[in-house]
file run-v5.csv (CSV, C-alpha atoms)
chain,number,residue,atom,x,y,z
N,265,MET,CA,102.8,133.2,115.4
N,266,LYS,CA,104.5,131.1,118.0
N,267,ASN,CA,103.7,127.4,117.5
N,268,PHE,CA,105.3,126.1,120.7
N,269,VAL,CA,105.3,126.7,124.5
N,270,SER,CA,109.0,126.2,125.2
N,271,ASP,CA,112.1,125.2,123.3
N,272,SER,CA,113.9,123.9,126.4
N,273,LYS,CA,115.7,120.5,126.3
N,274,GLU,CA,114.3,119.7,129.7
N,275,SER,CA,111.1,117.7,130.2
N,276,ILE,CA,107.8,118.9,131.6
N,277,ARG,CA,105.9,116.5,133.9
N,278,MET,CA,102.9,114.9,132.2
N,279,PHE,CA,101.6,112.5,134.8
N,280,LYS,CA,101.1,112.4,138.5
N,281,SER,CA,102.1,108.8,138.6
N,282,SER,CA,105.9,108.3,138.6
N,283,LEU,CA,105.5,105.0,136.7
N,284,LEU,CA,103.5,106.6,133.9
N,285,GLU,CA,105.9,109.6,133.8
N,286,SER,CA,108.9,107.3,133.5
N,287,LEU,CA,107.2,105.3,130.7
N,288,SER,CA,106.7,108.6,128.7
N,289,LYS,CA,110.4,109.4,128.6
N,290,VAL,CA,113.3,107.6,126.8
N,291,HIS,CA,116.9,108.2,125.9
N,292,PHE,CA,117.5,108.2,122.2
N,293,SER,CA,119.7,105.1,122.4
N,294,VAL,CA,117.0,102.8,123.8
N,295,PRO,CA,115.3,102.0,120.4
N,296,LEU,CA,118.8,101.0,119.1
N,297,ILE,CA,119.4,98.7,122.0
N,298,ILE,CA,115.9,97.1,121.6
N,299,TYR,CA,115.5,96.8,117.9
N,300,LEU,CA,119.0,96.2,116.4
N,301,PRO,CA,119.0,92.6,117.8
N,302,ILE,CA,115.5,92.0,116.6
N,303,ILE,CA,116.4,93.3,113.1
N,304,SER,CA,119.5,91.1,113.1
N,305,TYR,CA,117.3,88.1,114.0
N,306,PHE,CA,114.8,88.7,111.3
N,307,LEU,CA,117.5,89.2,108.7
N,308,TRP,CA,119.1,85.9,109.7
N,309,LYS,CA,115.6,84.3,109.5
N,310,ALA,CA,115.2,85.7,106.0
N,311,PHE,CA,118.2,83.7,104.8
N,312,THR,CA,116.9,80.4,106.3
N,313,VAL,CA,113.4,80.5,104.7
N,314,GLU,CA,112.5,77.8,102.2
N,315,ASN,CA,113.0,78.7,98.5
N,316,PHE,CA,115.3,81.7,99.5
N,317,SER,CA,116.4,83.9,96.7
N,318,LEU,CA,118.4,87.1,96.6
N,319,LEU,CA,115.8,88.7,94.3
N,320,THR,CA,113.0,88.1,96.8
N,321,PHE,CA,115.2,89.2,99.6
N,322,PHE,CA,116.1,92.6,98.1
N,323,LEU,CA,112.6,93.2,96.7
N,324,SER,CA,111.0,92.6,100.1
N,325,ILE,CA,113.6,94.8,101.8
N,326,GLY,CA,112.7,97.6,99.4
N,327,CYS,CA,109.0,97.1,99.9
N,328,GLY,CA,109.4,97.0,103.6
N,329,LEU,CA,111.2,100.3,103.7
N,330,LEU,CA,108.6,101.8,101.4
N,331,PHE,CA,105.8,100.5,103.6
N,332,TRP,CA,107.5,102.1,106.6
N,333,THR,CA,107.5,105.5,104.9
N,334,ALA,CA,103.8,105.2,104.2
N,335,THR,CA,103.2,104.1,107.8
N,336,GLU,CA,105.2,107.0,109.3
N,337,TYR,CA,103.4,109.5,107.2
N,338,SER,CA,99.9,108.0,107.9
N,339,LEU,CA,100.5,107.8,111.6
N,340,HIS,CA,101.9,111.3,111.8
N,341,ARG,CA,99.2,113.0,109.7
N,342,PHE,CA,96.0,111.1,110.4
N,343,VAL,CA,96.6,109.8,113.9
N,344,PHE,CA,99.0,112.1,115.7
N,345,HIS,CA,97.6,115.3,114.2
N,346,PHE,CA,94.0,114.3,114.8
N,347,VAL,CA,92.6,116.5,117.6
N,348,PRO,CA,89.4,115.1,119.1
N,349,GLN,CA,86.7,117.4,120.5
N,350,SER,CA,86.3,115.7,123.8
N,351,LYS,CA,88.5,116.6,126.8
N,352,TRP,CA,89.8,113.1,127.3
N,353,GLY,CA,90.5,112.9,123.6
N,354,GLN,CA,92.5,116.1,123.7
N,355,ARG,CA,94.4,114.8,126.7
N,356,LEU,CA,95.3,111.7,124.7
N,357,HIS,CA,96.4,113.8,121.7
N,358,PHE,CA,98.6,115.9,124.0
N,359,ILE,CA,100.2,112.7,125.5
N,360,PHE,CA,100.9,111.1,122.1
N,361,HIS,CA,102.0,114.1,120.1
N,362,GLY,CA,100.8,117.5,121.3
N,363,VAL,CA,103.5,117.6,124.0
N,364,HIS,CA,106.1,117.2,121.3
N,365,HIS,CA,104.8,120.2,119.4
N,366,ASP,CA,104.5,122.3,122.6
N,367,TYR,CA,108.0,121.3,123.7
N,368,PRO,CA,109.8,120.3,120.5
N,369,SER,CA,113.3,120.1,121.9
N,370,ASP,CA,112.5,118.0,125.0
N,371,ARG,CA,115.4,115.6,124.7
N,372,LEU,CA,113.6,112.7,126.4
N,373,ARG,CA,110.5,112.8,124.2
N,374,LEU,CA,112.0,112.8,120.8
N,375,VAL,CA,112.0,109.0,120.1
N,376,MET,CA,109.1,106.7,120.6
N,377,PRO,CA,109.1,105.1,124.1
N,378,PRO,CA,109.1,101.2,124.2
N,379,SER,CA,105.7,101.4,125.9
N,380,ALA,CA,104.3,102.6,122.6
N,381,SER,CA,106.8,101.2,120.0
N,382,ILE,CA,106.7,97.5,121.2
N,383,PRO,CA,102.9,97.1,121.0
N,384,LEU,CA,102.9,98.9,117.6
N,385,ALA,CA,105.7,96.6,116.3
N,386,LEU,CA,103.9,93.5,117.5
N,387,GLY,CA,100.6,94.7,115.9
N,388,PHE,CA,102.3,95.3,112.6
N,389,TYR,CA,104.2,92.0,112.8
N,390,PHE,CA,101.0,90.0,113.2
N,391,LEU,CA,99.3,92.0,110.4
N,392,LEU,CA,102.2,91.4,108.1
N,393,LYS,CA,102.3,87.7,109.0
N,394,ALA,CA,98.6,87.4,108.1
N,395,ILE,CA,99.0,88.9,104.6
N,396,LEU,CA,102.6,88.2,103.4
N,397,PRO,CA,104.1,85.0,102.0
N,398,ALA,CA,106.4,83.2,104.5
N,399,THR,CA,109.4,84.0,102.1
N,400,TRP,CA,108.7,87.7,102.4
N,401,LEU,CA,107.9,88.1,106.1
N,402,PRO,CA,111.3,88.1,107.8
N,403,SER,CA,113.1,90.5,105.5
N,404,PHE,CA,110.1,92.7,105.0
N,405,PHE,CA,109.6,93.1,108.7
N,406,ALA,CA,113.3,93.7,109.3
N,407,ALA,CA,113.3,96.5,106.7
N,408,PHE,CA,110.1,97.9,108.3
N,409,LEU,CA,112.0,98.1,111.7
N,410,ILE,CA,115.1,99.5,110.0
N,411,GLY,CA,112.9,102.3,108.6
N,412,TYR,CA,111.5,102.9,112.1
N,413,LEU,CA,115.0,103.2,113.5
N,414,ILE,CA,116.0,105.6,110.7
N,415,TYR,CA,112.9,107.7,111.5
N,416,ASP,CA,113.6,107.8,115.3
N,417,MET,CA,117.3,108.6,115.0
N,418,SER,CA,116.6,111.2,112.3
N,419,HIS,CA,114.0,112.8,114.4
N,420,TYR,CA,116.3,113.1,117.4
N,421,ALA,CA,119.2,114.4,115.2
N,422,PHE,CA,117.0,117.0,113.4
N,423,HIS,CA,116.1,118.5,116.8
N,424,HIS,CA,119.6,118.5,118.3
N,425,LEU,CA,122.3,118.4,115.6
N,426,ALA,CA,123.6,120.7,112.8
N,427,PHE,CA,124.4,119.2,109.4
N,428,GLN,CA,126.9,120.0,106.7
N,429,ASN,CA,125.4,117.4,104.3
N,430,GLN,CA,123.0,119.2,102.0
N,431,LEU,CA,120.4,116.4,101.9
N,432,LEU,CA,120.3,116.1,105.7
N,433,LYS,CA,120.2,119.9,106.0
N,434,LYS,CA,117.1,120.0,103.7
N,435,MET,CA,115.4,117.2,105.6
N,436,LYS,CA,116.1,119.1,108.9
N,437,GLN,CA,114.7,122.3,107.4
N,438,HIS,CA,111.6,120.4,106.3
N,439,HIS,CA,110.9,119.1,109.8
N,440,MET,CA,111.7,122.3,111.5
N,441,ARG,CA,109.3,124.2,109.2
N,442,HIS,CA,106.6,121.6,110.2
N,443,HIS,CA,107.2,122.5,113.9
N,444,TYR,CA,107.8,126.2,113.9
N,445,HIS,CA,105.8,127.5,110.9
N,446,GLU,CA,103.3,125.2,109.2
N,447,PRO,CA,102.2,122.2,111.4
N,448,ASP,CA,99.6,121.2,108.9
N,449,LYS,CA,102.2,120.5,106.2
N,450,GLY,CA,105.4,118.4,106.0
N,451,TYR,CA,104.4,115.2,107.9
N,452,GLY,CA,107.3,113.1,106.6
N,453,VAL,CA,110.3,113.0,108.8
N,454,SER,CA,112.7,110.4,107.4
N,455,SER,CA,111.2,110.9,103.9
N,456,VAL,CA,109.3,113.6,102.0
N,457,LEU,CA,108.0,111.1,99.4
N,458,TRP,CA,104.3,111.0,100.7
N,459,ASP,CA,104.2,114.8,101.3
N,460,LYS,CA,104.9,115.2,97.6
N,461,ILE,CA,102.5,112.5,96.4
N,462,LEU,CA,99.7,113.6,98.7
N,463,ASP,CA,100.2,117.3,98.3
N,464,SER,CA,101.1,118.1,101.9
N,465,ASP,CA,104.6,119.4,101.0
N,466,PHE,CA,105.5,123.1,101.7
N,467,LYS,CA,104.9,125.5,98.9
N,468,LYS,CA,108.1,127.0,97.5
N,469,GLN,CA,108.7,130.4,98.8
N,470,ASN,CA,109.4,133.2,96.3
call {"tool": "encode", "arguments": {"input": "run-v5.csv", "output": "structure tokens"}}
result
Amino acid sequence: MKNFVSDSKESIRMFKSSLLESLSKVHFSVPLIIYLPIISYFLWKAFTVENFSLLTFFLSIGCGLLFWTATEYSLHRFVFHFVPQSKWGQRLHFIFHGVHHDYPSDRLRLVMPPSASIPLALGFYFLLKAILPATWLPSFFAAFLIGYLIYDMSHYAFHHLAFQNQLLKKMKQHHMRHHYHEPDKGYGVSSVLWDKILDSDFKKQN
């Protein structure tokens, strides 16, 4: 069964409005240009907090990366793969994720556009600010954004690059199987951790 419309690298038009159309497309380098300076700023802030300690710094970095993997998995499985019944809901689903499954190699819709990533990043920042100690916030948020960049760059690479490294090869195969064979499994992109924990990993083939 074919699970996509076209494997072309070219983009289909989604909006009549040229402005909305341009906001839905992004070169893979744009997230790096936007978020690397922000990550650098928060890492610098982490070293200037009161009562700084290396233990807290590395612990918060690890927890921030882990939190990203859970966020990536949850958004992909429970938000992006939720298909509403209403026509407008289905249109929203197509805009946010359906288009990627229908046109999985579209080179301009493989990383999250700033029109979506910036509001999400701001929302998570204020959420984390409300619940985390001040000593944890800068390094935790920096790690969260590092996880996001790893996800975006991995996602682009899995669709367009070949790998010799066995781990990267397996990760690419995992994501390609999600696209081309079993879209209701394998929601992790930069990590398969939560697929294994929550039993959405692919069953081993005999």
call {"tool": "atom_distance", "arguments": {"input": "run-v5.csv", "atom1": "atom CA of Phe322 of chain N", "atom2": "atom CA of Leu401 of chain N"}}
result
12.3 Å
call {"tool": "atom_distance", "arguments": {"input": "run-v5.csv", "atom1": "atom CA of Met435 of chain N", "atom2": "atom CA of Val453 of chain N"}}
result
7.3 Å
call {"tool": "residues_near_point", "arguments": {"input": "run-v5.csv", "point": "(114.6, 100.5, 107.3)", "cutoff": "10 Å", "atoms": "all atoms listed in the file", "output": "ChimeraX atom specification"}}
result
/N:303,325-333,404-415
call {"tool": "closest_atom_pairs", "arguments": {"input": "run-v5.csv", "of": "segment 331-441 of chain N", "to": "segment 284-293 of chain N", "cutoff": "10 Å", "atoms": "all atoms listed in the file", "output": "JSON lines"}}
result
{"residue": "N:Ile359", "atom": "CA", "partner": "N:Ser288", "partner_atom": "CA", "distance": 8.3}
{"residue": "N:Phe360", "atom": "CA", "partner": "N:Ser288", "partner_atom": "CA", "distance": 9.1}
{"residue": "N:Asp370", "atom": "CA", "partner": "N:Lys289", "partner_atom": "CA", "distance": 9.6}
{"residue": "N:Arg371", "atom": "CA", "partner": "N:His291", "partner_atom": "CA", "distance": 7.6}
{"residue": "N:Leu372", "atom": "CA", "partner": "N:Lys289", "partner_atom": "CA", "distance": 5.1}
{"residue": "N:Arg373", "atom": "CA", "partner": "N:Lys289", "partner_atom": "CA", "distance": 5.6}
{"residue": "N:Leu374", "atom": "CA", "partner": "N:Phe292", "partner_atom": "CA", "distance": 7.3}
{"residue": "N:Val375", "atom": "CA", "partner": "N:Phe292", "partner_atom": "CA", "distance": 5.9}
{"residue": "N:Met376", "atom": "CA", "partner": "N:Val290", "partner_atom": "CA", "distance": 7.5}
{"residue": "N:Pro377", "atom": "CA", "partner": "N:Val290", "partner_atom": "CA", "distance": 5.6}
{"residue": "N:Pro378", "atom": "CA", "partner": "N:Leu287", "partner_atom": "CA", "distance": 7.9}
{"residue": "N:Ser379", "atom": "CA", "partner": "N:Leu287", "partner_atom": "CA", "distance": 6.4}
{"residue": "N:Ala380", "atom": "CA", "partner": "N:Ser288", "partner_atom": "CA", "distance": 8.9}
{"residue": "N:Asp416", "atom": "CA", "partner": "N:Phe292", "partner_atom": "CA", "distance": 7.9}
{"residue": "N:Met417", "atom": "CA", "partner": "N:Phe292", "partner_atom": "CA", "distance": 7.2}
{"residue": "N:His419", "atom": "CA", "partner": "N:Phe292", "partner_atom": "CA", "distance": 9.7}
{"residue": "N:Tyr420", "atom": "CA", "partner": "N:Phe292", "partner_atom": "CA", "distance": 7.0}
{"residue": "N:Ala421", "atom": "CA", "partner": "N:Phe292", "partner_atom": "CA", "distance": 9.5}
call {"tool": "closest_residue", "arguments": {"input": "run-v5.csv", "among": "N:Lys273, N:Trp400, N:Pro301, N:His357", "to": "Phe321 of chain N", "atoms": "only C-alpha atoms"}}
result
N:Trp400
call {"tool": "atom_distance", "arguments": {"input": "run-v5.csv", "atom1": "atom CA of Phe427 of chain N", "atom2": "atom CA of His439 of chain N"}}
result
13.5 Å
call {"tool": "residues_around", "arguments": {"input": "run-v5.csv", "residues": "segment 347-350 of chain N", "least_positions_apart": "5", "cutoff": "12 Å", "atoms": "only C-alpha atoms", "output": "JSON, numbers by chain"}}
result
{"N": [341, 342, 355, 356, 357, 358, 359, 360, 361, 362]}
call {"tool": "residues_near_point", "arguments": {"input": "run-v5.csv", "point": "(111.8, 120.0, 131.6)", "cutoff": "12 Å", "atoms": "all atoms listed in the file", "output": "tab-separated table (two decimals) with C-alpha atoms, keeping the file's coordinate frame"}}
result
chain	number	residue	atom	x	y	z
N	269	VAL	CA	105.30	126.70	124.50
N	270	SER	CA	109.00	126.20	125.20
N	271	ASP	CA	112.10	125.20	123.30
N	272	SER	CA	113.90	123.90	126.40
N	273	LYS	CA	115.70	120.50	126.30
N	274	GLU	CA	114.30	119.70	129.70
N	275	SER	CA	111.10	117.70	130.20
N	276	ILE	CA	107.80	118.90	131.60
N	277	ARG	CA	105.90	116.50	133.90
N	278	MET	CA	102.90	114.90	132.20
N	289	LYS	CA	110.40	109.40	128.60
N	363	VAL	CA	103.50	117.60	124.00
N	366	ASP	CA	104.50	122.30	122.60
N	367	TYR	CA	108.00	121.30	123.70
N	368	PRO	CA	109.80	120.30	120.50
N	369	SER	CA	113.30	120.10	121.90
N	370	ASP	CA	112.50	118.00	125.00
N	371	ARG	CA	115.40	115.60	124.70
N	372	LEU	CA	113.60	112.70	126.40
N	373	ARG	CA	110.50	112.80	124.20
call {"tool": "axis_aligned_box", "arguments": {"input": "run-v5.csv", "around": "segment 274-278 of chain N", "padding_each_side": "8 Å", "output": "lines of an AutoDock Vina configuration file"}}
result
center_x = 108.6
center_y = 117.3
center_z = 131.8
size_x = 27.4
size_y = 20.8
size_z = 20.2
call {"tool": "closest_residue", "arguments": {"input": "run-v5.csv", "among": "N:Thr399, N:Ser282, N:Ser381, N:Ser304", "to": "Ser324 of chain N", "atoms": "all atoms listed in the file"}}
result
N:Thr399
call {"tool": "decode", "arguments": {"input": "run-v5.csv", "residues": "segment 387-450 of chain N", "atoms": "C-alpha atoms", "output": "JSON list (two decimals), in the first residue's frame"}}
result
[["chain", "number", "residue", "atom", "x", "y", "z"],
["N", 387, "GLY", "CA", 5.44, 28.81, 25.11],
["N", 388, "PHE", "CA", 7.81, 26.17, 26.46],
["N", 389, "TYR", "CA", 10.17, 28.83, 27.84],
["N", 390, "PHE", "CA", 7.43, 30.47, 29.92],
["N", 391, "LEU", "CA", 6.14, 27.07, 31.04],
["N", 392, "LEU", "CA", 9.62, 26.04, 32.18],
["N", 393, "LYS", "CA", 10.17, 29.42, 33.82],
["N", 394, "ALA", "CA", 7.04, 28.85, 35.89],
["N", 395, "ILE", "CA", 8.04, 25.41, 37.14],
["N", 396, "LEU", "CA", 11.85, 25.25, 37.25],
["N", 397, "PRO", "CA", 14.26, 26.76, 39.79],
["N", 398, "ALA", "CA", 16.20, 29.77, 38.48],
["N", 399, "THR", "CA", 19.45, 27.78, 38.66],
["N", 400, "TRP", "CA", 18.02, 25.16, 36.30],
["N", 401, "LEU", "CA", 16.15, 27.28, 33.76],
["N", 402, "PRO", "CA", 18.91, 28.59, 31.41],
["N", 403, "SER", "CA", 20.78, 25.30, 30.97],
["N", 404, "PHE", "CA", 17.60, 23.19, 30.85],
["N", 405, "PHE", "CA", 16.09, 25.43, 28.15],
["N", 406, "ALA", "CA", 19.36, 25.53, 26.20],
["N", 407, "ALA", "CA", 19.44, 21.72, 26.19],
["N", 408, "PHE", "CA", 15.78, 21.60, 25.16],
["N", 409, "LEU", "CA", 16.60, 23.80, 22.14],
["N", 410, "ILE", "CA", 19.70, 21.70, 21.36],
["N", 411, "GLY", "CA", 17.41, 18.65, 21.29],
["N", 412, "TYR", "CA", 15.07, 20.49, 18.94],
["N", 413, "LEU", "CA", 17.93, 21.35, 16.56],
["N", 414, "ILE", "CA", 19.17, 17.75, 16.61],
["N", 415, "TYR", "CA", 15.64, 16.66, 15.73],
["N", 416, "ASP", "CA", 15.26, 19.16, 12.87],
["N", 417, "MET", "CA", 18.68, 18.46, 11.36],
["N", 418, "SER", "CA", 18.27, 14.69, 11.77],
["N", 419, "HIS", "CA", 14.87, 14.83, 10.13],
["N", 420, "TYR", "CA", 16.21, 16.67, 7.10],
["N", 421, "ALA", "CA", 19.24, 14.37, 6.86],
["N", 422, "PHE", "CA", 17.18, 11.17, 7.13],
["N", 423, "HIS", "CA", 15.12, 12.24, 4.12],
["N", 424, "HIS", "CA", 18.01, 13.38, 1.94],
["N", 425, "LEU", "CA", 21.30, 11.76, 2.99],
["N", 426, "ALA", "CA", 22.78, 8.26, 3.01],
["N", 427, "PHE", "CA", 24.79, 7.12, 6.02],
["N", 428, "GLN", "CA", 27.68, 4.72, 6.60],
["N", 429, "ASN", "CA", 27.44, 4.99, 10.39],
["N", 430, "GLN", "CA", 25.39, 2.04, 11.66],
["N", 431, "LEU", "CA", 23.51, 3.98, 14.34],
["N", 432, "LEU", "CA", 22.48, 6.74, 11.92],
["N", 433, "LYS", "CA", 21.56, 4.09, 9.35],
["N", 434, "LYS", "CA", 19.24, 2.39, 11.85],
["N", 435, "MET", "CA", 17.69, 5.71, 12.86],
["N", 436, "LYS", "CA", 17.04, 6.58, 9.22],
["N", 437, "GLN", "CA", 15.49, 3.14, 8.59],
["N", 438, "HIS", "CA", 13.27, 3.68, 11.66],
["N", 439, "HIS", "CA", 11.96, 6.97, 10.31],
["N", 440, "MET", "CA", 11.58, 5.75, 6.73],
["N", 441, "ARG", "CA", 9.56, 2.78, 7.96],
["N", 442, "HIS", "CA", 7.25, 5.23, 9.76],
["N", 443, "HIS", "CA", 6.74, 7.10, 6.48],
["N", 444, "TYR", "CA", 6.52, 4.36, 3.92],
["N", 445, "HIS", "CA", 5.17, 1.32, 5.77],
["N", 446, "GLU", "CA", 3.71, 1.85, 9.27],
["N", 447, "PRO", "CA", 2.73, 5.48, 9.99],
["N", 448, "ASP", "CA", 1.05, 4.43, 13.25],
["N", 449, "LYS", "CA", 4.40, 3.29, 14.69],
["N", 450, "GLY", "CA", 7.86, 4.80, 15.13]]
